[in-house]
Structures are given as structure tokens and as C-alpha cells.
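Have a look at the structure below before the remarks.
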Amino acid sequence: MASRKELLGDVRRVVVKIGTSSLIKGGAVSERFMRSVAEQVSRLREEGKEVLLVSSGAVGIGLKAMGVKPKPNEVPIRQAAASVGQSILMQKWAEAFQGCGITVAQVLLTLDVYSDRESAINLHNTIESLLENGVIPIFNENDAVCIKEIKFGDNDTLSAIIASRTDSDLLVILSDIDGLYDSDPGENKDARFIPVVSKVDETVRAMAGGAGSGFGTGGMKTKLDAAAICSDAGCNMIIASSEAYGVVYRTAAGDDVGTLFVSGDEVSKKRRWIKSAHATGRINIDEGAVRAVLDHKSLLPVGIRSVEGIFEKGDVVEIACGGEVIAKAVPNYGSKDLFAIAGKHSGEIMGIIGHRSHDDAVLSENIALLGFQRRKRRKTEKKVCGARLRVSRVSGHSLIFPYLSSSLFVMR
Ligand code: GLU
């Protein structure tokens, strides 16, 4: 397996989740810890990385401010405490980041935001706009209004959902435990630390204990659930102790800190690489092919209008329609062959170029849609090759902007 430095060397967007136990020390909020997080985030940004924070602590801070101690199942007082604590929490984060000249934003979420297309798009645009403007978004669940049905449940899950929906490369969960052990280190002095997990399977879940018996505050179970969500999204995840020296910076820099959960989705990883690679040419496609590509189908020669540049099969190229780049891809044929078979049916390939390795010009697994770009954009709806598509204008050229399901954006 590749080293951490290799795996995480190219991390561009990081979500850092900070648990209540990391923030509140000895009954008080640790402003020193918050300042240290701010300084490390600032350093990561100087290196060109984008950072999003998920901060717990609202309920704990609020209960202390109100001077109340609720019984375990008393929900309303916790919700009230969250609304008191959230503003104190944000004030403290704002002060910590102010020292580094960084502005922060509060983003409170409920799970239903991702069930509603319009809200999901608006949230996406807000996050991108904050990042483009150098603001650090700080997320928490909107505890004051959450009822059971719409609760993320815990900030481990919330952070994993945010990491996966923001196309992040890494989620770092800071906790009061330094990672995963093969048994409870509190009970078994011989418990072995697990530095890397490549798949969250039953063996790994058994290490963390069953539901409700997880060790470590917040529970290892929710962290493993978070790791599974991240893995599906092609995002790596690390559980590390908030006490570890320089943990925010070092985890994102690929140092051996905490337990790394390697993203298991090979296709996602490949697409991530394709997106970041330099394109040596361009394949211009027609409207029908745009729909197929946005629907995660392969690109057939019949959908190709023209080919630009000189490239070999296996090189990275842009896929465009009407001047709009919608994806990057690795084609099965080089530019010369694609030029010859453009607009033709797959059955004709052999007769035209004398060989036929594939019916498809590009396999779907080798196409990376360019949604969620991280540059300046202006959202609009536009007619691209006859299909009405939501596009994002990116530094002079637009990108079609598929979200959750591309078909949501194709309006005929
Ligand atoms: N949203 C809760 C708070 O701010 C924390 C939930 C959690 O720790 O998972 O207090």
C-alpha cells in the first residue's frame, strides 16, 4: 500500500471535526486549543489547502452557561442549551481565527437539507462561496430545531456527510482517543493500535465494540460509520487525538498520526486523479452524449462531434459540448482513431481503423464529471447543446454542475 505521504500528499480540501471533549477541558472551553487549531488551519491554507471545520460543544458550553444539569433523556433543555452555547462557541472560534486574520462563518445543518434538492444546491453554493472568499465555514447540527427524524445524530456522521458532499479529500476526526485499537485500551493493556484500516468490515467493527459499547467519548461506532460514508465517497479519514502535537496540520500533511481509514472506492480514487490531471486534448460531444455522460454512462463514438489536440489512449482529455467542459476522461482510443470514428456506430470501428479494443470511446469509470469545482463561479441555467443545464461559470469558462444525480439538472 502507498505511504501516507503518497496517499495524502495531494490533499486539497480537508474537513476537521472537533468533538466536545477536545474543546472543553476541566469544565472550561480551551481557548488555547482553539487558537492552536486556528494557527494550524492558517498554515494549511498558506499551502493552498481548503479547510472546513465541524465543531461540537454547543450543548456542553450552553449547559455550563445556564448552570443546569439535565437528566439523560431531557431533550428540550439540551436544545435550549445548544442555542445558548452555539453563539458562545462561534464567538470563541471567531476570536481564535481573528488572531490569524481569518474570518469564520457559522453553518447550522439538519439532515433534511440534503433530501431537498434546492436546499442542497443552496448549501453547496454557500460553502463554495465562503471558501472562495477565504472564509472558514464552521458547521454544527442545528440542535435547537432538530427533532429525531431530521437529526444527523452525531457530529461524526455530520462531518462525514459534509466531507462526502463537498468533494473533500480528507476528514480528520479529533477525539479523546488516538485512533482505533483491536480492543478497548482502557480495559486491556495489551490492546494493539491499528494505524491503517483499508476496509470497515465486521472484523474492524468488532474491534470497536458493539453499538452502545464503543469506547472513547462519542463512541468508536459512529466514527466507523463515518469512515464507511467517507470510503464510499472516495474520501480518506483519520481518527486522531486532539492532544497530539500539531495534529491538524500533521494529519493533513500525511504524517503518521492516528488511524487512517483508506478510501476503498477505486473508481472514486481514479476519478479524483483524472480531475486533477492535466488534459492534453479535448473531445467535443453532442447533446445525447452529454446526457449519457451526466448519467454516468460510457461515451460512444457516435456521440463524438470532433476531437482537438493530439493524445494517446490513456491520456487525460476534456469532454466538452458547445465550448462547455463537462468532464475530464481517459479515452480508450487516441486522437487519430477518435477523429476517424467520430459520429460512427461502434460496429463500424473495426472497418474504419482496423482494430477494435472497445465499443466505447470512453468507459464511464474513466469519466470524472467536473461538478463542485473550486474556483470562482456564477451559477446560472444555460442551454448547452440543446439541453438545459445548470452550469457554473469558472474563470471565464463554464462547467456543467451535476449534483447528487445529474439527471436532476437536465431539463428538457
Ligand atoms: N451538536 C452537538 C453540540 O454542539 C454535538 C453532537 C456531537 O458531539 O456529536 O453540542
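Chains: A, B, ... in order of the C-alpha cells. Residues: from 1 per chain. Ligands: from 1, in order shown.
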
With range 132-152 of chain A as the partner and 10 Å as the cut-off, tabulate the residues of range 35-111 of chain A that qualify, each row holding the nearest pair of atoms and their distance in Å to one decimal, using only C-alpha atoms, sorted by chain and rising number, as a Markdown table.
```
| residue | atom | partner | partner_atom | distance |
| --- | --- | --- | --- | --- |
| A:Ala38 | CA | A:Ile136 | CA | 9.8 |
| A:Val41 | CA | A:Ile136 | CA | 9.1 |
| A:Ser42 | CA | A:Ile136 | CA | 9.8 |
| A:Arg45 | CA | A:Gly134 | CA | 8.9 |
| A:Glu50 | CA | A:Ile136 | CA | 8.4 |
| A:Val51 | CA | A:Ile136 | CA | 6.6 |
| A:Leu52 | CA | A:Pro137 | CA | 5.4 |
| A:Leu53 | CA | A:Ile138 | CA | 4.7 |
| A:Val54 | CA | A:Phe139 | CA | 4.5 |
| A:Ser55 | CA | A:Asn140 | CA | 5.8 |
| A:Ser56 | CA | A:Asn140 | CA | 6.3 |
| A:Gly57 | CA | A:Asn140 | CA | 8.9 |
| A:Ala58 | CA | A:Asn140 | CA | 8.4 |
| A:Val59 | CA | A:Asp143 | CA | 8.2 |
| A:Val75 | CA | A:Ile147 | CA | 9.5 |
| A:Pro76 | CA | A:Ala144 | CA | 8.3 |
| A:Ile77 | CA | A:Ala144 | CA | 9.5 |
| A:Arg78 | CA | A:Ala144 | CA | 8.1 |
| A:Gln79 | CA | A:Ala144 | CA | 4.4 |
| A:Ala80 | CA | A:Ala144 | CA | 6.2 |
| A:Ala81 | CA | A:Ala144 | CA | 8.2 |
| A:Ala82 | CA | A:Asp143 | CA | 6.0 |
| A:Ser83 | CA | A:Ala144 | CA | 5.7 |
| A:Val84 | CA | A:Ala144 | CA | 9.4 |
| A:Gln86 | CA | A:Asn140 | CA | 8.6 |
| A:Met90 | CA | A:Ile138 | CA | 8.2 |
| A:Trp93 | CA | A:Ile138 | CA | 8.6 |
| A:Ala94 | CA | A:Ile136 | CA | 9.8 |
| A:Phe97 | CA | A:Ile136 | CA | 8.9 |
| A:Ile102 | CA | A:Val135 | CA | 6.6 |
| A:Thr103 | CA | A:Val135 | CA | 5.1 |
| A:Val104 | CA | A:Ile136 | CA | 4.7 |
| A:Ala105 | CA | A:Pro137 | CA | 4.7 |
| A:Gln106 | CA | A:Ile138 | CA | 5.1 |
| A:Val107 | CA | A:Phe139 | CA | 4.7 |
| A:Leu108 | CA | A:Asn142 | CA | 4.8 |
| A:Leu109 | CA | A:Glu141 | CA | 4.9 |
| A:Thr110 | CA | A:Asn142 | CA | 5.9 |
| A:Leu111 | CA | A:Ile150 | CA | 5.1 |
```

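Straight-line separation from CA of Ile24 in chain A to atom 6 (C, counted along the ligand's line) of ligand 1: 13.2 Å.
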
Notebook entry, point to check: Counting only C-alpha atoms, which of A:Pro185, A:Glu47, A:Gly27, A:Leu131 gets nearest to Ile61 in chain A?
Noted result: A:Gly27

Check: Running DSSP on the backbone, which parts of range 82-264 of chain A land in helix (DSSP H, G or I), as a PyMOL selection string?
Finding: chain A and resi 82-98+111-114+117-132+148-150+155-165+202-207+220-232+247-252

Now that the selection is made, can you save its residues with C-alpha atoms as a PDB file, in the first residue's frame?
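File written: selection_11.pdb
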```
ATOM      1  CA  ALA A  82     -27.388  24.384  22.323  1.00  0.00           C
ATOM      2  CA  SER A  83     -28.854  27.724  21.300  1.00  0.00           C
ATOM      3  CA  VAL A  84     -27.078  29.444  24.201  1.00  0.00           C
ATOM      4  CA  GLY A  85     -23.840  27.553  23.667  1.00  0.00           C
ATOM      5  CA  GLN A  86     -23.704  27.866  19.893  1.00  0.00           C
ATOM      6  CA  SER A  87     -23.300  31.640  19.961  1.00  0.00           C
ATOM      7  CA  ILE A  88     -20.617  31.431  22.647  1.00  0.00           C
ATOM      8  CA  LEU A  89     -18.867  28.688  20.661  1.00  0.00           C
ATOM      9  CA  MET A  90     -18.847  30.776  17.496  1.00  0.00           C
ATOM     10  CA  GLN A  91     -17.686  33.865  19.328  1.00  0.00           C
ATOM     11  CA  LYS A  92     -14.717  31.915  20.637  1.00  0.00           C
ATOM     12  CA  TRP A  93     -13.899  30.464  17.219  1.00  0.00           C
ATOM     13  CA  ALA A  94     -14.163  33.932  15.676  1.00  0.00           C
ATOM     14  CA  GLU A  95     -11.686  35.275  18.248  1.00  0.00           C
ATOM     15  CA  ALA A  96      -9.286  32.375  17.736  1.00  0.00           C
ATOM     16  CA  PHE A  97      -9.241  32.847  13.954  1.00  0.00           C
ATOM     17  CA  GLN A  98      -9.131  36.619  14.211  1.00  0.00           C
ATOM     18  CA  LEU A 111     -30.267  16.244   7.705  1.00  0.00           C
ATOM     19  CA  ASP A 112     -33.244  17.254   5.577  1.00  0.00           C
ATOM     20  CA  VAL A 113     -31.071  19.824   3.834  1.00  0.00           C
ATOM     21  CA  TYR A 114     -29.659  17.004   1.728  1.00  0.00           C
ATOM     22  CA  ARG A 117     -32.522  19.418  -3.999  1.00  0.00           C
ATOM     23  CA  GLU A 118     -32.937  23.188  -3.792  1.00  0.00           C
ATOM     24  CA  SER A 119     -31.587  23.392  -0.230  1.00  0.00           C
ATOM     25  CA  ALA A 120     -28.693  21.100  -1.122  1.00  0.00           C
ATOM     26  CA  ILE A 121     -27.746  23.314  -4.055  1.00  0.00           C
ATOM     27  CA  ASN A 122     -28.040  26.464  -1.984  1.00  0.00           C
ATOM     28  CA  LEU A 123     -25.910  24.956   0.746  1.00  0.00           C
ATOM     29  CA  HIS A 124     -23.333  23.868  -1.801  1.00  0.00           C
ATOM     30  CA  ASN A 125     -23.175  27.365  -3.286  1.00  0.00           C
ATOM     31  CA  THR A 126     -22.861  28.934   0.153  1.00  0.00           C
ATOM     32  CA  ILE A 127     -19.967  26.660   1.099  1.00  0.00           C
ATOM     33  CA  GLU A 128     -18.144  27.220  -2.180  1.00  0.00           C
ATOM     34  CA  SER A 129     -18.633  30.952  -1.933  1.00  0.00           C
ATOM     35  CA  LEU A 130     -17.294  31.050   1.636  1.00  0.00           C
ATOM     36  CA  LEU A 131     -14.213  29.085   0.628  1.00  0.00           C
ATOM     37  CA  GLU A 132     -13.619  31.176  -2.471  1.00  0.00           C
ATOM     38  CA  LYS A 148     -35.320  12.832  15.909  1.00  0.00           C
ATOM     39  CA  GLU A 149     -36.307  12.353  12.269  1.00  0.00           C
ATOM     40  CA  ILE A 150     -34.054  15.061  10.929  1.00  0.00           C
ATOM     41  CA  ASN A 155     -21.193  15.182  14.559  1.00  0.00           C
ATOM     42  CA  ASP A 156     -19.107  12.214  13.371  1.00  0.00           C
ATOM     43  CA  THR A 157     -21.843  11.388  10.856  1.00  0.00           C
ATOM     44  CA  LEU A 158     -22.428  15.067  10.112  1.00  0.00           C
ATOM     45  CA  SER A 159     -18.757  15.607   9.320  1.00  0.00           C
ATOM     46  CA  ALA A 160     -18.632  12.517   7.070  1.00  0.00           C
ATOM     47  CA  ILE A 161     -21.679  13.699   5.138  1.00  0.00           C
ATOM     48  CA  ILE A 162     -20.168  17.170   4.754  1.00  0.00           C
ATOM     49  CA  ALA A 163     -16.837  15.677   3.629  1.00  0.00           C
ATOM     50  CA  SER A 164     -18.548  13.489   1.050  1.00  0.00           C
ATOM     51  CA  ARG A 165     -20.872  16.211  -0.269  1.00  0.00           C
ATOM     52  CA  GLU A 202     -17.114  -6.895  10.521  1.00  0.00           C
ATOM     53  CA  THR A 203     -13.644  -7.582  11.943  1.00  0.00           C
ATOM     54  CA  VAL A 204     -12.969  -3.872  12.265  1.00  0.00           C
ATOM     55  CA  ARG A 205     -16.410  -3.220  13.739  1.00  0.00           C
ATOM     56  CA  ALA A 206     -15.846  -5.985  16.276  1.00  0.00           C
ATOM     57  CA  MET A 207     -12.674  -4.178  17.417  1.00  0.00           C
ATOM     58  CA  MET A 220     -15.993   4.397  18.022  1.00  0.00           C
ATOM     59  CA  LYS A 221     -19.109   3.041  16.313  1.00  0.00           C
ATOM     60  CA  THR A 222     -20.199   6.427  14.920  1.00  0.00           C
ATOM     61  CA  LYS A 223     -16.623   7.032  13.798  1.00  0.00           C
ATOM     62  CA  LEU A 224     -16.615   3.769  11.871  1.00  0.00           C
ATOM     63  CA  ASP A 225     -19.972   4.705  10.335  1.00  0.00           C
ATOM     64  CA  ALA A 226     -18.344   7.986   9.332  1.00  0.00           C
ATOM     65  CA  ALA A 227     -15.399   6.084   7.827  1.00  0.00           C
ATOM     66  CA  ALA A 228     -17.802   3.975   5.747  1.00  0.00           C
ATOM     67  CA  ILE A 229     -19.562   7.109   4.418  1.00  0.00           C
ATOM     68  CA  CYS A 230     -16.198   8.666   3.543  1.00  0.00           C
ATOM     69  CA  SER A 231     -14.940   5.492   1.900  1.00  0.00           C
ATOM     70  CA  ASP A 232     -17.980   5.373  -0.391  1.00  0.00           C
ATOM     71  CA  VAL A 247      -2.427  17.213  14.869  1.00  0.00           C
ATOM     72  CA  VAL A 248      -4.498  19.253  12.412  1.00  0.00           C
ATOM     73  CA  TYR A 249      -1.522  20.268  10.307  1.00  0.00           C
ATOM     74  CA  ARG A 250       0.305  16.958  10.544  1.00  0.00           C
ATOM     75  CA  THR A 251      -2.639  14.725   9.615  1.00  0.00           C
ATOM     76  CA  ALA A 252      -3.341  16.822   6.520  1.00  0.00           C
TER      77      ALA A 252
END
```

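CA of Tyr245 in chain A to CA of Leu260 in chain A spans 17.0 Å [interatomic distance, one decimal].
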